[in-house]
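K.L.:
This is the content of start10.pdb (PDB, C-alpha atoms):
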ATOM      1  CA  MET Y   1    -217.645  45.900 -51.988  1.00  0.00           C
ATOM      2  CA  ILE Y   2    -214.391  44.420 -53.278  1.00  0.00           C
ATOM      3  CA  LEU Y   3    -214.709  43.436 -56.910  1.00  0.00           C
ATOM      4  CA  GLN Y   4    -211.333  41.790 -57.200  1.00  0.00           C
ATOM      5  CA  ARG Y   5    -208.718  40.816 -54.637  1.00  0.00           C
ATOM      6  CA  SER Y   6    -205.202  39.992 -55.785  1.00  0.00           C
ATOM      7  CA  PHE Y   7    -202.244  38.356 -54.091  1.00  0.00           C
ATOM      8  CA  HIS Y   8    -198.689  38.274 -55.373  1.00  0.00           C
ATOM      9  CA  ARG Y   9    -196.377  35.302 -55.314  1.00  0.00           C
ATOM     10  CA  ARG Y  10    -193.910  35.055 -52.465  1.00  0.00           C
ATOM     11  CA  LEU Y  11    -190.364  35.513 -53.756  1.00  0.00           C
ATOM     12  CA  THR Y  12    -188.371  32.743 -52.102  1.00  0.00           C
ATOM     13  CA  TRP Y  13    -184.641  32.531 -51.618  1.00  0.00           C
ATOM     14  CA  GLU Y  14    -184.610  29.262 -53.588  1.00  0.00           C
ATOM     15  CA  ALA Y  15    -186.082  30.992 -56.630  1.00  0.00           C
ATOM     16  CA  MET Y  16    -183.570  33.832 -56.363  1.00  0.00           C
ATOM     17  CA  ALA Y  17    -180.671  31.384 -55.983  1.00  0.00           C
ATOM     18  CA  CYS Y  18    -181.805  29.399 -59.025  1.00  0.00           C
ATOM     19  CA  ILE Y  19    -182.146  32.563 -61.126  1.00  0.00           C
ATOM     20  CA  LEU Y  20    -178.675  33.757 -60.085  1.00  0.00           C
ATOM     21  CA  LEU Y  21    -177.092  30.339 -60.674  1.00  0.00           C
ATOM     22  CA  LEU Y  22    -178.611  30.101 -64.147  1.00  0.00           C
ATOM     23  CA  ALA Y  23    -177.383  33.624 -64.957  1.00  0.00           C
ATOM     24  CA  ALA Y  24    -173.872  32.725 -63.769  1.00  0.00           C
ATOM     25  CA  CYS Y  25    -173.879  29.590 -65.948  1.00  0.00           C
ATOM     26  CA  ALA Y  26    -175.030  31.616 -68.956  1.00  0.00           C
ATOM     27  CA  LEU Y  27    -172.258  34.148 -68.352  1.00  0.00           C
ATOM     28  CA  TYR Y  28    -169.675  31.368 -68.054  1.00  0.00           C
ATOM     29  CA  PHE Y  29    -170.735  29.816 -71.359  1.00  0.00           C
ATOM     30  CA  LEU Y  30    -170.811  33.216 -73.022  1.00  0.00           C
ATOM     31  CA  LEU Y  31    -167.232  33.955 -71.949  1.00  0.00           C
ATOM     32  CA  GLN Y  32    -165.942  30.731 -73.554  1.00  0.00           C
ATOM     33  CA  ARG Y  33    -166.021  32.420 -76.994  1.00  0.00           C
ATOM     34  CA  SER Y  34    -167.202  29.351 -78.840  1.00  0.00           C
ATOM     35  CA  PRO Y  35    -170.254  29.294 -81.126  1.00  0.00           C
ATOM     36  CA  SER Y  36    -171.611  26.133 -79.542  1.00  0.00           C
ATOM     37  CA  TYR Y  37    -171.219  27.575 -76.040  1.00  0.00           C
ATOM     38  CA  ALA Y  38    -172.875  30.801 -77.200  1.00  0.00           C
ATOM     39  CA  VAL Y  39    -175.958  28.807 -78.230  1.00  0.00           C
ATOM     40  CA  ILE Y  40    -176.035  27.125 -74.821  1.00  0.00           C
ATOM     41  CA  ALA Y  41    -175.712  30.556 -73.169  1.00  0.00           C
ATOM     42  CA  LEU Y  42    -178.603  31.875 -75.264  1.00  0.00           C
ATOM     43  CA  VAL Y  43    -180.823  28.972 -74.220  1.00  0.00           C
ATOM     44  CA  LEU Y  44    -179.922  29.522 -70.558  1.00  0.00           C
ATOM     45  CA  VAL Y  45    -180.692  33.236 -70.833  1.00  0.00           C
ATOM     46  CA  CYS Y  46    -184.114  32.443 -72.339  1.00  0.00           C
ATOM     47  CA  ILE Y  47    -184.887  30.031 -69.498  1.00  0.00           C
ATOM     48  CA  ASP Y  48    -183.707  32.627 -66.981  1.00  0.00           C
ATOM     49  CA  VAL Y  49    -186.006  35.273 -68.473  1.00  0.00           C
ATOM     50  CA  VAL Y  50    -188.988  32.934 -68.147  1.00  0.00           C
ATOM     51  CA  MET Y  51    -188.056  32.160 -64.532  1.00  0.00           C
ATOM     52  CA  ILE Y  52    -187.752  35.860 -63.678  1.00  0.00           C
ATOM     53  CA  GLU Y  53    -191.082  36.543 -65.383  1.00  0.00           C
ATOM     54  CA  ARG Y  54    -192.792  33.840 -63.318  1.00  0.00           C
ATOM     55  CA  ALA Y  55    -191.159  34.950 -60.078  1.00  0.00           C
ATOM     56  CA  ILE Y  56    -192.149  38.587 -60.485  1.00  0.00           C
ATOM     57  CA  HIS Y  57    -195.485  38.497 -62.317  1.00  0.00           C
ATOM     58  CA  THR Y  58    -197.304  35.536 -60.750  1.00  0.00           C
ATOM     59  CA  THR Y  59    -200.580  36.678 -59.197  1.00  0.00           C
ATOM     60  CA  TYR Y  60    -203.582  34.997 -57.635  1.00  0.00           C
ATOM     61  CA  SER Y  61    -206.801  36.975 -58.169  1.00  0.00           C
ATOM     62  CA  PHE Y  62    -210.314  36.450 -56.839  1.00  0.00           C
ATOM     63  CA  THR Y  63    -212.850  37.875 -59.284  1.00  0.00           C
ATOM     64  CA  ALA Y  64    -216.318  39.264 -58.607  1.00  0.00           C
ATOM     65  CA  GLU Y  65    -217.783  36.221 -60.386  1.00  0.00           C
ATOM     66  CA  GLY Y  66    -216.288  33.917 -57.729  1.00  0.00           C
ATOM     67  CA  ASN Y  67    -213.351  32.598 -59.734  1.00  0.00           C
ATOM     68  CA  LEU Y  68    -209.732  32.177 -58.732  1.00  0.00           C
ATOM     69  CA  VAL Y  69    -207.368  33.238 -61.518  1.00  0.00           C
ATOM     70  CA  VAL Y  70    -203.778  31.992 -61.258  1.00  0.00           C
ATOM     71  CA  SER Y  71    -201.673  34.059 -63.641  1.00  0.00           C
ATOM     72  CA  ARG Y  72    -198.044  32.967 -64.002  1.00  0.00           C
ATOM     73  CA  GLY Y  73    -196.764  35.792 -66.172  1.00  0.00           C
ATOM     74  CA  ARG Y  74    -196.977  36.682 -69.831  1.00  0.00           C
ATOM     75  CA  PHE Y  75    -195.487  33.431 -71.144  1.00  0.00           C
ATOM     76  CA  SER Y  76    -198.014  31.094 -69.493  1.00  0.00           C
ATOM     77  CA  ARG Y  77    -201.748  30.574 -69.734  1.00  0.00           C
ATOM     78  CA  ASP Y  78    -203.947  31.605 -66.852  1.00  0.00           C
ATOM     79  CA  VAL Y  79    -205.620  28.903 -64.794  1.00  0.00           C
ATOM     80  CA  VAL Y  80    -209.213  29.886 -63.950  1.00  0.00           C
ATOM     81  CA  PHE Y  81    -211.604  27.892 -61.794  1.00  0.00           C
ATOM     82  CA  PRO Y  82    -214.533  28.678 -59.469  1.00  0.00           C
ATOM     83  CA  VAL Y  83    -213.677  29.041 -55.790  1.00  0.00           C
ATOM     84  CA  SER Y  84    -216.727  26.894 -55.076  1.00  0.00           C
ATOM     85  CA  ASP Y  85    -214.926  23.957 -56.759  1.00  0.00           C
ATOM     86  CA  ILE Y  86    -212.115  24.008 -54.180  1.00  0.00           C
ATOM     87  CA  THR Y  87    -212.429  20.873 -52.076  1.00  0.00           C
ATOM     88  CA  ARG Y  88    -209.230  21.059 -50.020  1.00  0.00           C
ATOM     89  CA  VAL Y  89    -206.333  23.381 -49.276  1.00  0.00           C
ATOM     90  CA  GLU Y  90    -203.257  21.836 -47.666  1.00  0.00           C
ATOM     91  CA  ARG Y  91    -200.216  23.602 -46.274  1.00  0.00           C
ATOM     92  CA  HIS Y  92    -196.981  21.876 -47.146  1.00  0.00           C
ATOM     93  CA  ARG Y  93    -193.958  22.828 -45.096  1.00  0.00           C
ATOM     94  CA  PRO Y  94    -190.440  21.550 -45.729  1.00  0.00           C
ATOM     95  CA  LEU Y  95    -188.788  19.330 -43.140  1.00  0.00           C
ATOM     96  CA  LEU Y  96    -185.285  20.796 -43.201  1.00  0.00           C
ATOM     97  CA  TRP Y  97    -184.949  23.744 -45.572  1.00  0.00           C
ATOM     98  CA  GLY Y  98    -186.890  25.302 -48.367  1.00  0.00           C
ATOM     99  CA  SER Y  99    -190.118  27.183 -48.605  1.00  0.00           C
ATOM    100  CA  GLY Y 100    -193.631  25.934 -48.137  1.00  0.00           C
ATOM    101  CA  PHE Y 101    -196.596  26.153 -50.461  1.00  0.00           C
ATOM    102  CA  LEU Y 102    -200.341  25.641 -50.510  1.00  0.00           C
ATOM    103  CA  LEU Y 103    -201.716  22.712 -52.491  1.00  0.00           C
ATOM    104  CA  ILE Y 104    -205.243  23.423 -53.722  1.00  0.00           C
ATOM    105  CA  THR Y 105    -207.456  20.546 -54.816  1.00  0.00           C
ATOM    106  CA  TYR Y 106    -210.365  21.583 -57.035  1.00  0.00           C
ATOM    107  CA  GLY Y 107    -212.830  20.011 -59.427  1.00  0.00           C
ATOM    108  CA  ALA Y 108    -212.337  16.375 -60.347  1.00  0.00           C
ATOM    109  CA  ASN Y 109    -208.951  15.847 -58.631  1.00  0.00           C
ATOM    110  CA  HIS Y 110    -207.151  18.789 -60.215  1.00  0.00           C
ATOM    111  CA  TYR Y 111    -204.238  20.186 -58.239  1.00  0.00           C
ATOM    112  CA  ILE Y 112    -202.420  23.497 -58.264  1.00  0.00           C
ATOM    113  CA  SER Y 113    -199.697  24.756 -55.958  1.00  0.00           C
ATOM    114  CA  VAL Y 114    -199.569  28.399 -54.942  1.00  0.00           C
ATOM    115  CA  GLN Y 115    -197.186  30.500 -52.866  1.00  0.00           C
ATOM    116  CA  PRO Y 116    -199.054  33.674 -51.939  1.00  0.00           C
ATOM    117  CA  ASP Y 117    -197.145  36.396 -50.139  1.00  0.00           C
ATOM    118  CA  GLN Y 118    -199.842  36.728 -47.455  1.00  0.00           C
ATOM    119  CA  GLU Y 119    -200.778  33.104 -46.893  1.00  0.00           C
ATOM    120  CA  ASN Y 120    -203.260  33.607 -44.039  1.00  0.00           C
ATOM    121  CA  SER Y 121    -205.106  36.398 -45.858  1.00  0.00           C
ATOM    122  CA  PHE Y 122    -205.259  34.199 -48.959  1.00  0.00           C
ATOM    123  CA  LEU Y 123    -206.819  31.341 -46.966  1.00  0.00           C
ATOM    124  CA  ASP Y 124    -209.282  33.753 -45.337  1.00  0.00           C
ATOM    125  CA  GLU Y 125    -210.296  35.041 -48.775  1.00  0.00           C
ATOM    126  CA  ILE Y 126    -210.945  31.495 -50.009  1.00  0.00           C
ATOM    127  CA  LYS Y 127    -213.179  30.855 -46.990  1.00  0.00           C
ATOM    128  CA  ARG Y 128    -214.990  34.178 -47.466  1.00  0.00           C
ATOM    129  CA  GLN Y 129    -215.603  33.493 -51.170  1.00  0.00           C
ATOM    130  CA  GLN Y 130    -216.878  29.988 -50.432  1.00  0.00           C
ATOM    131  CA  LYS Y 131    -219.261  31.288 -47.730  1.00  0.00           C
ATOM    132  CA  LYS Y 132    -220.532  33.920 -50.158  1.00  0.00           C
ATOM    133  CA  TYR Y 133    -221.176  31.215 -52.768  1.00  0.00           C
ATOM    134  CA  ASP Y 134    -222.994  29.039 -50.210  1.00  0.00           C
ATOM    135  CA  LYS Y 135    -225.253  31.932 -49.166  1.00  0.00           C
ATOM    136  CA  GLU Y 136    -226.140  32.686 -52.790  1.00  0.00           C
ATOM    137  CA  ASN Y 137    -227.097  29.066 -53.479  1.00  0.00           C
ATOM    138  CA  GLU Y 138    -229.260  28.486 -50.402  1.00  0.00           C
TER
END
Take the structure in the file and give it back as structure tokens.
P.N.:
Amino acid sequence: MILQRSFHRRLTWEAMACILLLAACALYFLLQRSPSYAVIALVLVCIDVVMIERAIHTTYSFTAEGNLVVSRGRFSRDVVFPVSDITRVERHRPLLWGSGFLLITYGANHYISVQPDQENSFLDEIKRQQKKYDKENE
């Protein structure tokens, strides 16, 4: 029996481009050799570190208790809610360019967007967890 199933966040090209652009801007401001620009560069580096942390360490975990834990790295709080509270999961795909995401509606109109690496397996796990909850409460 699986006690916990985890999925990692999909690393999109938009996220990588944004991280690289922010790093390039920080480097530009750092090379200006001005104290005010150095402060701006420091702020940009801090934002870049948070973005890298979220891109690399975001996980979506299903616990044995039937909860979905959305962990967005060390600098953010985890979002925890029962899988049985999920009322709808919608796939959102971009029209022209960009990457899609899943919009999960749970509880009393709470929303969270996720980008799991294995989207179909993630959706199958939600269905499996919900069926397990329904069987336990019959």
K.L.:
Padding of 6 Å on every side, edges along x, y and z, all listed atoms of region 113-127 of chain Y included: what centre and edge lengths in Å, to one decimal, does that box have, as AutoDock Vina command-line options?
P.N.:
--center_x -205.2 --center_y 30.7 --center_z -50.0 --size_x 28.0 --size_y 24.0 --size_z 23.9
K.L.:
I'd like the contact shell of Tyr28 (chain Y) - 12 Å cut-off, all atoms listed in the file, skipping same-chain residues fewer than 2 positions apart - returned as a PyMOL selection string.
P.N.:
chain Y and resi 21-26+30-34+37-38+40-42+44-45
K.L.:
For Asp117 (chain Y), which of Y:Thr105, Y:Asn137, Y:Thr58, Y:Ser84 is the closest residue, counting only C-alpha atoms?
P.N.:
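Under the stated criterion, the closest residue is Y:Thr58.
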K.L.:
Using all atoms listed in the file, find the one residue out of Y:Ala108, Y:Met16, Y:Val50, Y:Ala55 that sits nearest to Phe75 (chain Y).
P.N.:
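Smallest distance to Phe75 (chain Y) is found for Y:Val50.
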K.L.:
Return as a PyMOL selection string the set of residues that the PyMOL selection byres ((chain Y and resi 111) around 12) yields on the displayed structure.
P.N.:
chain Y and resi 79+81+85-90+102-110+112-114
K.L.:
Between CA of Lys135 (chain Y) and CA of Gln4 (chain Y), what is the distance, to one decimal in Å?
P.N.:
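Distance reported for this atom pair: 18.9 Å.
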K.L.:
Where atoms are absent from region 9-24 of chain Y, fill them in so it carries N, CA and C atoms, then output it as an mmCIF file, in the coordinates of the input.
P.N.:
data_model
loop_
_atom_site.group_PDB
_atom_site.id
_atom_site.type_symbol
_atom_site.label_atom_id
_atom_site.label_comp_id
_atom_site.auth_asym_id
_atom_site.auth_seq_id
_atom_site.Cartn_x
_atom_site.Cartn_y
_atom_site.Cartn_z
ATOM 1 N N ARG Y 9 -197.147 36.475 -55.685
ATOM 2 C CA ARG Y 9 -196.377 35.302 -55.314
ATOM 3 C C ARG Y 9 -195.267 35.705 -54.364
ATOM 4 N N ARG Y 10 -195.005 34.845 -53.401
ATOM 5 C CA ARG Y 10 -193.910 35.055 -52.465
ATOM 6 C C ARG Y 10 -192.593 34.766 -53.193
ATOM 7 N N LEU Y 11 -191.666 35.690 -53.119
ATOM 8 C CA LEU Y 11 -190.364 35.513 -53.756
ATOM 9 C C LEU Y 11 -189.456 34.808 -52.761
ATOM 10 N N THR Y 12 -189.143 33.556 -53.030
ATOM 11 C CA THR Y 12 -188.371 32.743 -52.102
ATOM 12 C C THR Y 12 -186.879 32.838 -52.400
ATOM 13 N N TRP Y 13 -186.086 32.488 -51.406
ATOM 14 C CA TRP Y 13 -184.641 32.531 -51.618
ATOM 15 C C TRP Y 13 -184.204 31.427 -52.575
ATOM 16 N N GLU Y 14 -184.959 30.328 -52.645
ATOM 17 C CA GLU Y 14 -184.610 29.262 -53.588
ATOM 18 C C GLU Y 14 -184.778 29.731 -55.029
ATOM 19 N N ALA Y 15 -185.852 30.477 -55.278
ATOM 20 C CA ALA Y 15 -186.082 30.992 -56.630
ATOM 21 C C ALA Y 15 -184.991 31.983 -57.016
ATOM 22 N N MET Y 16 -184.632 32.859 -56.079
ATOM 23 C CA MET Y 16 -183.570 33.832 -56.363
ATOM 24 C C MET Y 16 -182.233 33.132 -56.606
ATOM 25 N N ALA Y 17 -181.929 32.117 -55.815
ATOM 26 C CA ALA Y 17 -180.671 31.384 -55.983
ATOM 27 C C ALA Y 17 -180.625 30.676 -57.331
ATOM 28 N N CYS Y 18 -181.753 30.092 -57.738
ATOM 29 C CA CYS Y 18 -181.805 29.399 -59.025
ATOM 30 C C CYS Y 18 -181.639 30.381 -60.189
ATOM 31 N N ILE Y 19 -182.266 31.543 -60.084
ATOM 32 C CA ILE Y 19 -182.146 32.563 -61.126
ATOM 33 C C ILE Y 19 -180.695 33.038 -61.234
ATOM 34 N N LEU Y 20 -180.067 33.290 -60.080
ATOM 35 C CA LEU Y 20 -178.675 33.757 -60.085
ATOM 36 C C LEU Y 20 -177.714 32.679 -60.590
ATOM 37 N N LEU Y 21 -177.943 31.430 -60.208
ATOM 38 C CA LEU Y 21 -177.092 30.339 -60.674
ATOM 39 C C LEU Y 21 -177.201 30.152 -62.181
ATOM 40 N N LEU Y 22 -178.408 30.231 -62.701
ATOM 41 C CA LEU Y 22 -178.611 30.101 -64.147
ATOM 42 C C LEU Y 22 -177.955 31.260 -64.896
ATOM 43 N N ALA Y 23 -178.031 32.470 -64.335
ATOM 44 C CA ALA Y 23 -177.383 33.624 -64.957
ATOM 45 C C ALA Y 23 -175.865 33.468 -64.939
ATOM 46 N N ALA Y 24 -175.322 32.944 -63.852
ATOM 47 C CA ALA Y 24 -173.872 32.725 -63.769
ATOM 48 C C ALA Y 24 -173.425 31.675 -64.785
#
